[in-house]
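For reference, run.tsv (TSV, C-alpha atoms):
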```tsv
chain	number	residue	atom	x	y	z
A	1	ILE	CA	61.19	68.52	116.42
A	2	VAL	CA	62.17	67.41	119.91
A	3	LEU	CA	63.04	70.97	120.91
A	4	ALA	CA	59.73	72.22	119.49
A	5	LEU	CA	57.86	69.68	121.61
A	6	THR	CA	59.70	70.70	124.78
A	7	ARG	CA	57.78	72.89	127.20
A	8	GLU	CA	59.48	74.85	129.96
A	9	PRO	CA	57.67	75.31	133.26
A	10	ALA	CA	56.07	78.69	133.73
A	11	THR	CA	58.19	81.04	135.84
A	12	PRO	CA	57.66	84.65	136.91
A	13	PRO	CA	59.55	87.28	134.87
A	14	GLN	CA	63.08	87.97	136.07
A	15	ASP	CA	65.32	90.99	135.73
A	16	SER	CA	67.40	89.95	132.71
A	17	THR	CA	69.22	93.20	132.08
A	18	PRO	CA	72.99	92.79	131.51
A	19	TYR	CA	73.76	94.53	134.80
A	20	ALA	CA	71.47	92.19	136.77
A	21	VAL	CA	72.90	89.09	135.10
A	22	TRP	CA	76.51	90.19	135.69
A	23	ARG	CA	75.76	91.04	139.33
A	24	ARG	CA	74.10	87.69	139.97
A	25	SER	CA	76.91	85.85	138.18
A	26	ILE	CA	79.51	87.48	140.42
A	27	GLU	CA	77.45	86.69	143.51
A	28	ILE	CA	77.23	83.02	142.51
A	29	LEU	CA	80.95	82.76	141.79
A	30	ARG	CA	81.75	84.29	145.18
A	31	SER	CA	79.33	82.17	147.21
A	32	ASP	CA	79.24	78.81	145.42
A	33	GLY	CA	82.64	77.20	145.92
A	34	ASN	CA	81.41	73.88	144.56
A	35	PHE	CA	80.46	75.51	141.26
A	36	ARG	CA	83.90	77.14	141.11
A	37	ALA	CA	85.39	73.66	141.55
A	38	PHE	CA	83.22	72.43	138.69
A	39	LEU	CA	84.47	75.23	136.45
A	40	GLY	CA	88.03	74.31	137.40
A	41	VAL	CA	87.36	70.68	136.53
A	42	ARG	CA	85.97	71.74	133.15
A	43	ALA	CA	89.10	73.78	132.48
A	44	ILE	CA	91.39	70.87	133.44
A	45	SER	CA	89.32	68.52	131.27
A	46	GLN	CA	90.35	70.44	128.17
A	47	PHE	CA	93.99	69.66	128.90
A	48	ALA	CA	93.07	66.05	129.73
A	49	GLY	CA	91.70	65.73	126.20
A	50	MET	CA	94.36	67.66	124.30
A	51	ALA	CA	96.01	64.42	123.11
A	52	PHE	CA	92.85	63.28	121.33
A	53	ALA	CA	93.57	65.29	118.19
A	54	PHE	CA	96.91	63.55	117.68
A	55	TYR	CA	96.05	59.85	118.03
A	56	VAL	CA	95.28	59.23	114.37
A	57	ILE	CA	98.20	61.40	113.19
A	58	TYR	CA	100.56	59.51	115.50
A	59	ALA	CA	99.28	56.11	114.33
A	60	VAL	CA	99.81	57.10	110.69
A	61	GLN	CA	103.28	58.56	111.23
A	62	GLN	CA	104.61	56.07	113.77
A	63	TYR	CA	103.12	52.80	112.49
A	64	GLY	CA	102.33	53.59	108.86
A	65	MET	CA	98.59	53.14	109.27
A	66	SER	CA	96.81	53.31	105.91
A	67	ASP	CA	94.25	55.94	104.98
A	68	ALA	CA	91.56	53.26	105.16
A	69	GLY	CA	92.67	52.29	108.65
A	70	ALA	CA	92.61	55.92	109.75
A	71	GLY	CA	89.10	56.24	108.33
A	72	VAL	CA	87.95	53.19	110.28
A	73	MET	CA	89.41	54.69	113.46
A	74	VAL	CA	87.54	57.95	112.96
A	75	ALA	CA	84.34	55.98	112.28
A	76	ILE	CA	84.83	54.02	115.51
A	77	LEU	CA	85.23	57.29	117.40
A	78	LEU	CA	82.08	58.85	115.93
A	79	ILE	CA	79.92	55.74	116.28
A	80	GLY	CA	81.22	55.24	119.80
A	81	GLN	CA	80.18	58.75	120.79
A	82	VAL	CA	76.72	58.32	119.27
A	83	LEU	CA	76.15	55.06	121.15
A	84	LEU	CA	77.80	56.06	124.42
A	85	ALA	CA	76.19	59.49	124.85
A	86	PRO	CA	72.67	58.22	125.70
A	87	LEU	CA	74.05	55.29	127.71
A	88	MET	CA	76.35	57.47	129.80
A	89	GLY	CA	73.64	60.10	130.17
A	90	ARG	CA	71.24	57.48	131.45
A	91	LEU	CA	73.90	56.13	133.79
A	92	GLY	CA	74.46	59.65	135.10
A	93	ASP	CA	70.74	60.10	135.75
A	94	ARG	CA	70.54	56.78	137.56
A	95	TRP	CA	73.85	56.93	139.38
A	96	SER	CA	75.80	60.20	139.35
A	97	HIS	CA	76.91	62.57	136.59
A	98	ARG	CA	79.99	63.41	138.63
A	99	ALA	CA	80.91	59.73	138.82
A	100	VAL	CA	80.38	59.35	135.06
A	101	MET	CA	82.69	62.32	134.47
A	102	SER	CA	85.25	60.57	136.67
A	103	LEU	CA	84.99	57.44	134.52
A	104	GLY	CA	85.55	59.62	131.47
A	105	ALA	CA	88.65	61.13	133.09
A	106	ILE	CA	90.02	57.65	133.71
A	107	GLY	CA	89.21	56.80	130.09
A	108	ALA	CA	91.14	59.85	128.91
A	109	ALA	CA	94.14	58.90	131.06
A	110	LEU	CA	94.10	55.29	129.85
A	111	SER	CA	93.80	56.31	126.19
A	112	ALA	CA	96.80	58.63	126.49
A	113	VAL	CA	98.92	56.07	128.34
A	114	LEU	CA	98.05	53.33	125.83
A	115	ALA	CA	98.87	55.65	122.92
A	116	TRP	CA	102.19	56.37	124.64
A	117	ILE	CA	103.17	52.69	125.00
A	118	ALA	CA	101.26	51.15	122.07
A	119	PRO	CA	103.43	48.55	120.28
A	120	SER	CA	101.31	48.52	117.12
A	121	GLU	CA	98.56	50.39	115.27
A	122	TYR	CA	95.93	47.85	116.32
A	123	TRP	CA	95.97	49.17	119.87
A	124	PHE	CA	94.47	52.40	118.59
A	125	TYR	CA	91.06	50.83	118.04
A	126	ALA	CA	90.75	50.41	121.81
A	127	ILE	CA	92.35	53.81	122.33
A	128	LEU	CA	89.70	55.46	120.15
A	129	LEU	CA	86.93	53.72	122.09
A	130	LEU	CA	88.37	55.06	125.34
A	131	GLU	CA	88.56	58.47	123.71
A	132	ALA	CA	84.85	58.23	122.86
A	133	VAL	CA	84.07	57.57	126.53
A	134	ALA	CA	86.20	60.56	127.54
A	135	VAL	CA	84.71	62.90	124.93
A	136	VAL	CA	81.17	62.19	126.12
A	137	ALA	CA	82.24	62.70	129.73
A	138	ILE	CA	84.09	65.95	128.99
A	139	TRP	CA	81.59	67.58	126.62
A	140	THR	CA	78.14	66.01	127.02
A	141	VAL	CA	77.77	64.97	130.66
A	142	PRO	CA	78.71	68.43	132.04
A	143	LEU	CA	75.73	69.91	130.19
A	144	ALA	CA	73.42	67.91	132.42
A	145	LEU	CA	75.57	68.39	135.52
A	146	SER	CA	75.68	72.19	135.23
A	147	VAL	CA	71.88	72.35	135.62
A	148	SER	CA	72.10	70.62	139.01
A	149	PHE	CA	74.03	73.42	140.72
A	150	ALA	CA	71.12	75.88	140.72
A	151	GLN	CA	68.91	75.55	143.78
A	152	ASN	CA	66.09	77.52	142.18
A	153	THR	CA	64.74	78.08	138.68
A	154	GLU	CA	65.68	81.77	138.73
A	155	ASP	CA	69.41	81.05	138.96
A	156	ARG	CA	69.44	78.11	136.55
A	157	PRO	CA	69.99	80.21	133.37
A	158	VAL	CA	72.86	82.05	135.07
A	159	TYR	CA	74.60	78.79	136.00
A	160	ILE	CA	74.12	77.42	132.50
A	161	GLY	CA	75.38	80.67	131.00
A	162	MET	CA	78.60	80.52	133.01
A	163	ALA	CA	79.30	76.80	132.55
A	164	ASN	CA	80.82	77.12	129.07
A	165	PRO	CA	82.30	80.63	128.59
A	166	ILE	CA	84.42	80.66	131.76
A	167	PRO	CA	86.43	77.50	130.84
A	168	ALA	CA	86.67	78.72	127.22
A	169	PRO	CA	90.26	80.05	127.53
A	170	ALA	CA	91.40	76.54	128.48
A	171	THR	CA	89.49	75.16	125.49
A	172	ILE	CA	91.45	77.48	123.21
A	173	LEU	CA	94.83	77.02	124.91
A	174	ALA	CA	94.85	73.21	125.32
A	175	PRO	CA	95.19	72.19	121.63
A	176	VAL	CA	97.76	74.93	121.06
A	177	LEU	CA	99.83	73.67	123.99
A	178	GLY	CA	99.42	70.07	122.85
A	179	GLY	CA	100.55	70.88	119.31
A	180	TRP	CA	103.50	72.97	120.52
A	181	LEU	CA	104.63	70.22	122.88
A	182	ALA	CA	104.29	67.59	120.16
A	183	ASP	CA	106.47	69.66	117.82
A	184	ARG	CA	109.07	70.37	120.48
A	185	ALA	CA	109.31	67.11	122.37
A	186	GLY	CA	107.29	64.58	120.38
A	187	TYR	CA	103.81	63.13	120.62
A	188	PRO	CA	104.55	60.95	123.68
A	189	SER	CA	105.19	64.13	125.69
A	190	THR	CA	101.73	65.40	124.78
A	191	PHE	CA	100.23	62.03	125.70
A	192	ALA	CA	102.00	62.02	129.06
A	193	LEU	CA	100.86	65.53	129.97
A	194	SER	CA	97.33	64.74	128.85
A	195	ALA	CA	97.26	61.61	131.03
A	196	LEU	CA	98.54	63.60	134.02
A	197	CYS	CA	95.84	66.24	133.56
A	198	ALA	CA	93.20	63.51	133.26
A	199	LEU	CA	94.30	62.02	136.58
A	200	ILE	CA	94.20	65.48	138.18
A	201	MET	CA	90.69	65.90	136.78
A	202	ALA	CA	89.58	62.59	138.29
A	203	ALA	CA	91.12	63.49	141.66
A	204	ALA	CA	89.41	66.90	141.65
A	205	LEU	CA	86.06	65.28	140.91
A	206	TRP	CA	86.38	62.84	143.79
A	207	PHE	CA	88.17	64.90	146.45
A	208	VAL	CA	87.33	68.56	145.73
A	209	MET	CA	84.04	68.86	143.92
A	210	LYS	CA	80.88	67.54	145.55
A	211	ASP	CA	77.96	66.04	143.68
A	212	PRO	CA	75.48	68.95	143.50
A	213	THR	CA	72.49	66.60	143.33
A	214	THR	CA	73.44	64.95	146.62
A	215	LEU	CA	74.59	68.23	148.15
A	216	HIS	CA	71.31	70.03	147.49
A	217	ALA	CA	68.96	67.10	148.14
A	218	PRO	CA	68.34	67.88	151.86
A	219	GLN	CA	67.69	71.56	151.12
A	220	GLN	CA	65.33	70.71	148.25
A	221	SER	CA	63.45	68.18	150.38
A	222	LEU	CA	63.04	70.80	153.12
A	223	GLN	CA	61.81	73.33	150.60
A	224	ARG	CA	59.23	70.89	149.18
A	225	SER	CA	57.97	70.08	152.68
A	226	MET	CA	57.61	73.78	153.48
A	227	ASP	CA	55.71	74.33	150.22
```
Can the structure in the file be given as structure tokens, please?
Amino acid sequence: IVLALTREPATPPQDSTPYAVWRRSIEILRSDGNFRAFLGVRAISQFAGMAFAFYVIYAVQQYGMSDAGAGVMVAILLIGQVLLAPLMGRLGDRWSHRAVMSLGAIGAALSAVLAWIAPSEYWFYAILLLEAVAVVAIWTVPLALSVSFAQNTEDRPVYIGMANPIPAPATILAPVLGGWLADRAGYPSTFALSALCALIMAAALWFVMKDPTTLHAPQQSLQRSMD
């Protein structure tokens, strides 16, 4: 219903042939270094979250958590995502989506470190809440952030179209690597690597990638004044 009520602004027809889209995509990747950094951050974020799939399994195997306890943990994760998604989205609109992604990266790192050193199963309730923060930051917030890179409405669909497929290989590889490492060296090794990748993600967000909203604000203000 909400999608049906949404109205897009009228725009002139664009050349949407596959050749034109591929050509413009390549041009954007070559010229927009900040967007390339964003794609790199999205790829790293998949490895930052590769430990998430193993928290409940680890709690059951390591601490003998009951099936009921595991169910409660999964419920906490799902409810946390439902509640946090609009709150973090609003915070991103008010503050900065890049900063909210950074908070999610820190949440991912903390959840992995706590899972690594947890002395009992009860720690995993907090760990799952931190995971919920990280999941929203890794999967939901970038959807809004990817729109901000386009400086005009003509390029916006191209940016959106590249935001998910290009990091897809990392999305496929991360859980495979996490599972392989867990089998070979144990779950703590997966948690440690996941925490390291989360810290790298946070560092890339703060020191490499610029906030596209702030970066393009002067140019957009100039364009509005000229119009």
I need every residue sitting at most 9 Å from the point (90.5, 72.2, 135.0) (coordinates as in the file, all atoms listed in the file considered), written as a ChimeraX atom specification.
/A:37-48,167,170,197,200-201,204
Selection above as a file: C-alpha atoms, as a PDB file, keeping the file's coordinate frame:
```pdb
ATOM      1  CA  ALA A  37      85.390  73.660 141.550  1.00  0.00           C
ATOM      2  CA  PHE A  38      83.220  72.430 138.690  1.00  0.00           C
ATOM      3  CA  LEU A  39      84.470  75.230 136.450  1.00  0.00           C
ATOM      4  CA  GLY A  40      88.030  74.310 137.400  1.00  0.00           C
ATOM      5  CA  VAL A  41      87.360  70.680 136.530  1.00  0.00           C
ATOM      6  CA  ARG A  42      85.970  71.740 133.150  1.00  0.00           C
ATOM      7  CA  ALA A  43      89.100  73.780 132.480  1.00  0.00           C
ATOM      8  CA  ILE A  44      91.390  70.870 133.440  1.00  0.00           C
ATOM      9  CA  SER A  45      89.320  68.520 131.270  1.00  0.00           C
ATOM     10  CA  GLN A  46      90.350  70.440 128.170  1.00  0.00           C
ATOM     11  CA  PHE A  47      93.990  69.660 128.900  1.00  0.00           C
ATOM     12  CA  ALA A  48      93.070  66.050 129.730  1.00  0.00           C
ATOM     13  CA  PRO A 167      86.430  77.500 130.840  1.00  0.00           C
ATOM     14  CA  ALA A 170      91.400  76.540 128.480  1.00  0.00           C
ATOM     15  CA  CYS A 197      95.840  66.240 133.560  1.00  0.00           C
ATOM     16  CA  ILE A 200      94.200  65.480 138.180  1.00  0.00           C
ATOM     17  CA  MET A 201      90.690  65.900 136.780  1.00  0.00           C
ATOM     18  CA  ALA A 204      89.410  66.900 141.650  1.00  0.00           C
TER      19      ALA A 204
END
```
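The spacing separating atom CA of A:Leu103 from atom CA of A:Leu196 amounts to 14.9 Å.
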Need the shell around stretch 26-36 of chain A: protein/DNA/RNA residues with any atom at most 8 Å away, counting all atoms listed in the file. Skip same-chain ones fewer than 4 positions apart. Format as a PyMOL selection string?
chain A and resi 22+40+149+209-210+212
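Here atom CA of A:Leu205 stands at a distance of 13.7 Å from atom CA of A:Ser146.
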Have a look at atom CA of A:Gly161 and atom CA of A:Val136 and let me know their distance in Å, one decimal.
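Distance between the two atoms: 20.0 Å.
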Could you list as a VMD selection string every residue that has an atom within 8 Å of (104.1, 68.0, 123.4), using the file's coordinates and counting only C-alpha atoms?
chain A and resid 177 to 191 193
Keeping N, CA, C and O atoms, write stretch 126-162 of chain A of the structure just shown out as a PDB file, in the first residue's frame.
```pdb
ATOM      1  N   ALA A 126      22.734  -9.663  25.224  1.00  0.00           N
ATOM      2  CA  ALA A 126      23.326  -8.379  24.833  1.00  0.00           C
ATOM      3  C   ALA A 126      24.022  -8.496  23.486  1.00  0.00           C
ATOM      4  O   ALA A 126      23.970  -7.571  22.663  1.00  0.00           O
ATOM      5  N   ILE A 127      24.654  -9.627  23.247  1.00  0.00           N
ATOM      6  CA  ILE A 127      25.344  -9.840  21.971  1.00  0.00           C
ATOM      7  C   ILE A 127      24.366  -9.794  20.817  1.00  0.00           C
ATOM      8  O   ILE A 127      24.640  -9.192  19.768  1.00  0.00           O
ATOM      9  N   LEU A 128      23.190 -10.390  20.997  1.00  0.00           N
ATOM     10  CA  LEU A 128      22.183 -10.385  19.926  1.00  0.00           C
ATOM     11  C   LEU A 128      21.604  -8.992  19.706  1.00  0.00           C
ATOM     12  O   LEU A 128      21.268  -8.635  18.583  1.00  0.00           O
ATOM     13  N   LEU A 129      21.505  -8.195  20.750  1.00  0.00           N
ATOM     14  CA  LEU A 129      21.058  -6.813  20.574  1.00  0.00           C
ATOM     15  C   LEU A 129      22.090  -6.005  19.779  1.00  0.00           C
ATOM     16  O   LEU A 129      21.732  -5.201  18.899  1.00  0.00           O
ATOM     17  N   LEU A 130      23.360  -6.198  20.083  1.00  0.00           N
ATOM     18  CA  LEU A 130      24.416  -5.538  19.310  1.00  0.00           C
ATOM     19  C   LEU A 130      24.399  -6.017  17.861  1.00  0.00           C
ATOM     20  O   LEU A 130      24.630  -5.229  16.935  1.00  0.00           O
ATOM     21  N   GLU A 131      24.122  -7.297  17.675  1.00  0.00           N
ATOM     22  CA  GLU A 131      24.005  -7.813  16.312  1.00  0.00           C
ATOM     23  C   GLU A 131      22.865  -7.130  15.567  1.00  0.00           C
ATOM     24  O   GLU A 131      22.986  -6.806  14.382  1.00  0.00           O
ATOM     25  N   ALA A 132      21.744  -6.892  16.248  1.00  0.00           N
ATOM     26  CA  ALA A 132      20.610  -6.216  15.613  1.00  0.00           C
ATOM     27  C   ALA A 132      21.013  -4.822  15.139  1.00  0.00           C
ATOM     28  O   ALA A 132      20.650  -4.396  14.028  1.00  0.00           O
ATOM     29  N   VAL A 133      21.758  -4.109  15.971  1.00  0.00           N
ATOM     30  CA  VAL A 133      22.253  -2.784  15.569  1.00  0.00           C
ATOM     31  C   VAL A 133      23.125  -2.909  14.320  1.00  0.00           C
ATOM     32  O   VAL A 133      22.996  -2.131  13.365  1.00  0.00           O
ATOM     33  N   ALA A 134      24.016  -3.888  14.316  1.00  0.00           N
ATOM     34  CA  ALA A 134      24.939  -4.067  13.196  1.00  0.00           C
ATOM     35  C   ALA A 134      24.203  -4.477  11.925  1.00  0.00           C
ATOM     36  O   ALA A 134      24.523  -4.001  10.836  1.00  0.00           O
ATOM     37  N   VAL A 135      23.211  -5.359  12.051  1.00  0.00           N
ATOM     38  CA  VAL A 135      22.479  -5.813  10.864  1.00  0.00           C
ATOM     39  C   VAL A 135      21.763  -4.658  10.194  1.00  0.00           C
ATOM     40  O   VAL A 135      21.776  -4.507   8.968  1.00  0.00           O
ATOM     41  N   VAL A 136      21.126  -3.809  10.982  1.00  0.00           N
ATOM     42  CA  VAL A 136      20.444  -2.639  10.412  1.00  0.00           C
ATOM     43  C   VAL A 136      21.447  -1.725   9.720  1.00  0.00           C
ATOM     44  O   VAL A 136      21.201  -1.208   8.626  1.00  0.00           O
ATOM     45  N   ALA A 137      22.606  -1.530  10.351  1.00  0.00           N
ATOM     46  CA  ALA A 137      23.624  -0.647   9.784  1.00  0.00           C
ATOM     47  C   ALA A 137      24.243  -1.224   8.517  1.00  0.00           C
ATOM     48  O   ALA A 137      24.623  -0.480   7.612  1.00  0.00           O
ATOM     49  N   ILE A 138      24.354  -2.542   8.445  1.00  0.00           N
ATOM     50  CA  ILE A 138      25.011  -3.177   7.299  1.00  0.00           C
ATOM     51  C   ILE A 138      24.057  -3.362   6.127  1.00  0.00           C
ATOM     52  O   ILE A 138      24.458  -3.244   4.966  1.00  0.00           O
ATOM     53  N   TRP A 139      22.773  -3.614   6.404  1.00  0.00           N
ATOM     54  CA  TRP A 139      21.840  -3.954   5.332  1.00  0.00           C
ATOM     55  C   TRP A 139      20.819  -2.866   5.032  1.00  0.00           C
ATOM     56  O   TRP A 139      20.443  -2.671   3.863  1.00  0.00           O
ATOM     57  N   THR A 140      20.331  -2.153   6.044  1.00  0.00           N
ATOM     58  CA  THR A 140      19.245  -1.196   5.820  1.00  0.00           C
ATOM     59  C   THR A 140      19.747   0.209   5.554  1.00  0.00           C
ATOM     60  O   THR A 140      19.334   0.858   4.586  1.00  0.00           O
ATOM     61  N   VAL A 141      20.630   0.703   6.400  1.00  0.00           N
ATOM     62  CA  VAL A 141      21.129   2.078   6.266  1.00  0.00           C
ATOM     63  C   VAL A 141      21.800   2.326   4.909  1.00  0.00           C
ATOM     64  O   VAL A 141      21.595   3.385   4.301  1.00  0.00           O
ATOM     65  N   PRO A 142      22.608   1.390   4.372  1.00  0.00           N
ATOM     66  CA  PRO A 142      23.216   1.648   3.059  1.00  0.00           C
ATOM     67  C   PRO A 142      22.210   1.863   1.932  1.00  0.00           C
ATOM     68  O   PRO A 142      22.541   2.507   0.932  1.00  0.00           O
ATOM     69  N   LEU A 143      20.987   1.356   2.081  1.00  0.00           N
ATOM     70  CA  LEU A 143      19.977   1.585   1.045  1.00  0.00           C
ATOM     71  C   LEU A 143      19.670   3.072   0.921  1.00  0.00           C
ATOM     72  O   LEU A 143      19.498   3.591  -0.190  1.00  0.00           O
ATOM     73  N   ALA A 144      19.597   3.748   2.064  1.00  0.00           N
ATOM     74  CA  ALA A 144      19.363   5.190   2.035  1.00  0.00           C
ATOM     75  C   ALA A 144      20.625   5.951   1.641  1.00  0.00           C
ATOM     76  O   ALA A 144      20.560   6.959   0.917  1.00  0.00           O
ATOM     77  N   LEU A 145      21.774   5.463   2.083  1.00  0.00           N
ATOM     78  CA  LEU A 145      23.034   6.159   1.798  1.00  0.00           C
ATOM     79  C   LEU A 145      23.380   6.104   0.317  1.00  0.00           C
ATOM     80  O   LEU A 145      23.908   7.077  -0.238  1.00  0.00           O
ATOM     81  N   SER A 146      23.093   4.985  -0.347  1.00  0.00           N
ATOM     82  CA  SER A 146      23.463   4.842  -1.755  1.00  0.00           C
ATOM     83  C   SER A 146      22.774   5.880  -2.636  1.00  0.00           C
ATOM     84  O   SER A 146      23.313   6.280  -3.668  1.00  0.00           O
ATOM     85  N   VAL A 147      21.578   6.330  -2.230  1.00  0.00           N
ATOM     86  CA  VAL A 147      20.852   7.335  -3.016  1.00  0.00           C
ATOM     87  C   VAL A 147      21.569   8.676  -2.978  1.00  0.00           C
ATOM     88  O   VAL A 147      21.453   9.480  -3.913  1.00  0.00           O
ATOM     89  N   SER A 148      22.319   8.947  -1.913  1.00  0.00           N
ATOM     90  CA  SER A 148      22.926  10.261  -1.714  1.00  0.00           C
ATOM     91  C   SER A 148      24.123  10.520  -2.617  1.00  0.00           C
ATOM     92  O   SER A 148      24.562  11.670  -2.727  1.00  0.00           O
ATOM     93  N   PHE A 149      24.669   9.479  -3.237  1.00  0.00           N
ATOM     94  CA  PHE A 149      25.870   9.672  -4.057  1.00  0.00           C
ATOM     95  C   PHE A 149      25.556  10.349  -5.393  1.00  0.00           C
ATOM     96  O   PHE A 149      26.415  11.026  -5.957  1.00  0.00           O
ATOM     97  N   ALA A 150      24.357  10.141  -5.906  1.00  0.00           N
ATOM     98  CA  ALA A 150      24.004  10.721  -7.206  1.00  0.00           C
ATOM     99  C   ALA A 150      23.773  12.219  -7.057  1.00  0.00           C
ATOM    100  O   ALA A 150      23.025  12.660  -6.187  1.00  0.00           O
ATOM    101  N   GLN A 151      24.399  13.003  -7.927  1.00  0.00           N
ATOM    102  CA  GLN A 151      24.232  14.444  -7.885  1.00  0.00           C
ATOM    103  C   GLN A 151      23.090  14.917  -8.769  1.00  0.00           C
ATOM    104  O   GLN A 151      22.755  16.103  -8.767  1.00  0.00           O
ATOM    105  N   ASN A 152      22.498  13.996  -9.527  1.00  0.00           N
ATOM    106  CA  ASN A 152      21.346  14.347 -10.354  1.00  0.00           C
ATOM    107  C   ASN A 152      20.422  13.138 -10.435  1.00  0.00           C
ATOM    108  O   ASN A 152      20.821  12.001 -10.176  1.00  0.00           O
ATOM    109  N   THR A 153      19.171  13.397 -10.795  1.00  0.00           N
ATOM    110  CA  THR A 153      18.179  12.324 -10.829  1.00  0.00           C
ATOM    111  C   THR A 153      18.462  11.315 -11.933  1.00  0.00           C
ATOM    112  O   THR A 153      18.058  10.156 -11.832  1.00  0.00           O
ATOM    113  N   GLU A 154      19.171  11.732 -12.990  1.00  0.00           N
ATOM    114  CA  GLU A 154      19.448  10.812 -14.095  1.00  0.00           C
ATOM    115  C   GLU A 154      20.381   9.683 -13.668  1.00  0.00           C
ATOM    116  O   GLU A 154      20.233   8.545 -14.113  1.00  0.00           O
ATOM    117  N   ASP A 155      21.343  10.002 -12.813  1.00  0.00           N
ATOM    118  CA  ASP A 155      22.320   8.990 -12.393  1.00  0.00           C
ATOM    119  C   ASP A 155      21.860   8.173 -11.194  1.00  0.00           C
ATOM    120  O   ASP A 155      22.465   7.148 -10.883  1.00  0.00           O
ATOM    121  N   ARG A 156      20.811   8.603 -10.522  1.00  0.00           N
ATOM    122  CA  ARG A 156      20.395   7.925  -9.296  1.00  0.00           C
ATOM    123  C   ARG A 156      20.097   6.441  -9.517  1.00  0.00           C
ATOM    124  O   ARG A 156      20.555   5.595  -8.728  1.00  0.00           O
ATOM    125  N   PRO A 157      19.337   6.047 -10.559  1.00  0.00           N
ATOM    126  CA  PRO A 157      19.091   4.611 -10.752  1.00  0.00           C
ATOM    127  C   PRO A 157      20.369   3.807 -10.995  1.00  0.00           C
ATOM    128  O   PRO A 157      20.446   2.635 -10.614  1.00  0.00           O
ATOM    129  N   VAL A 158      21.361   4.429 -11.634  1.00  0.00           N
ATOM    130  CA  VAL A 158      22.614   3.723 -11.911  1.00  0.00           C
ATOM    131  C   VAL A 158      23.364   3.464 -10.603  1.00  0.00           C
ATOM    132  O   VAL A 158      23.891   2.368 -10.375  1.00  0.00           O
ATOM    133  N   TYR A 159      23.414   4.474  -9.737  1.00  0.00           N
ATOM    134  CA  TYR A 159      24.060   4.292  -8.438  1.00  0.00           C
ATOM    135  C   TYR A 159      23.365   3.203  -7.628  1.00  0.00           C
ATOM    136  O   TYR A 159      24.018   2.332  -7.037  1.00  0.00           O
ATOM    137  N   ILE A 160      22.035   3.269  -7.594  1.00  0.00           N
ATOM    138  CA  ILE A 160      21.282   2.271  -6.838  1.00  0.00           C
ATOM    139  C   ILE A 160      21.508   0.884  -7.422  1.00  0.00           C
ATOM    140  O   ILE A 160      21.651  -0.098  -6.687  1.00  0.00           O
ATOM    141  N   GLY A 161      21.550   0.803  -8.745  1.00  0.00           N
ATOM    142  CA  GLY A 161      21.744  -0.486  -9.398  1.00  0.00           C
ATOM    143  C   GLY A 161      23.093  -1.106  -9.132  1.00  0.00           C
ATOM    144  O   GLY A 161      23.231  -2.338  -9.142  1.00  0.00           O
ATOM    145  N   MET A 162      24.109  -0.279  -8.876  1.00  0.00           N
ATOM    146  CA  MET A 162      25.452  -0.808  -8.607  1.00  0.00           C
ATOM    147  C   MET A 162      25.700  -1.088  -7.131  1.00  0.00           C
ATOM    148  O   MET A 162      26.637  -1.810  -6.788  1.00  0.00           O
TER     149      MET A 162
END
```
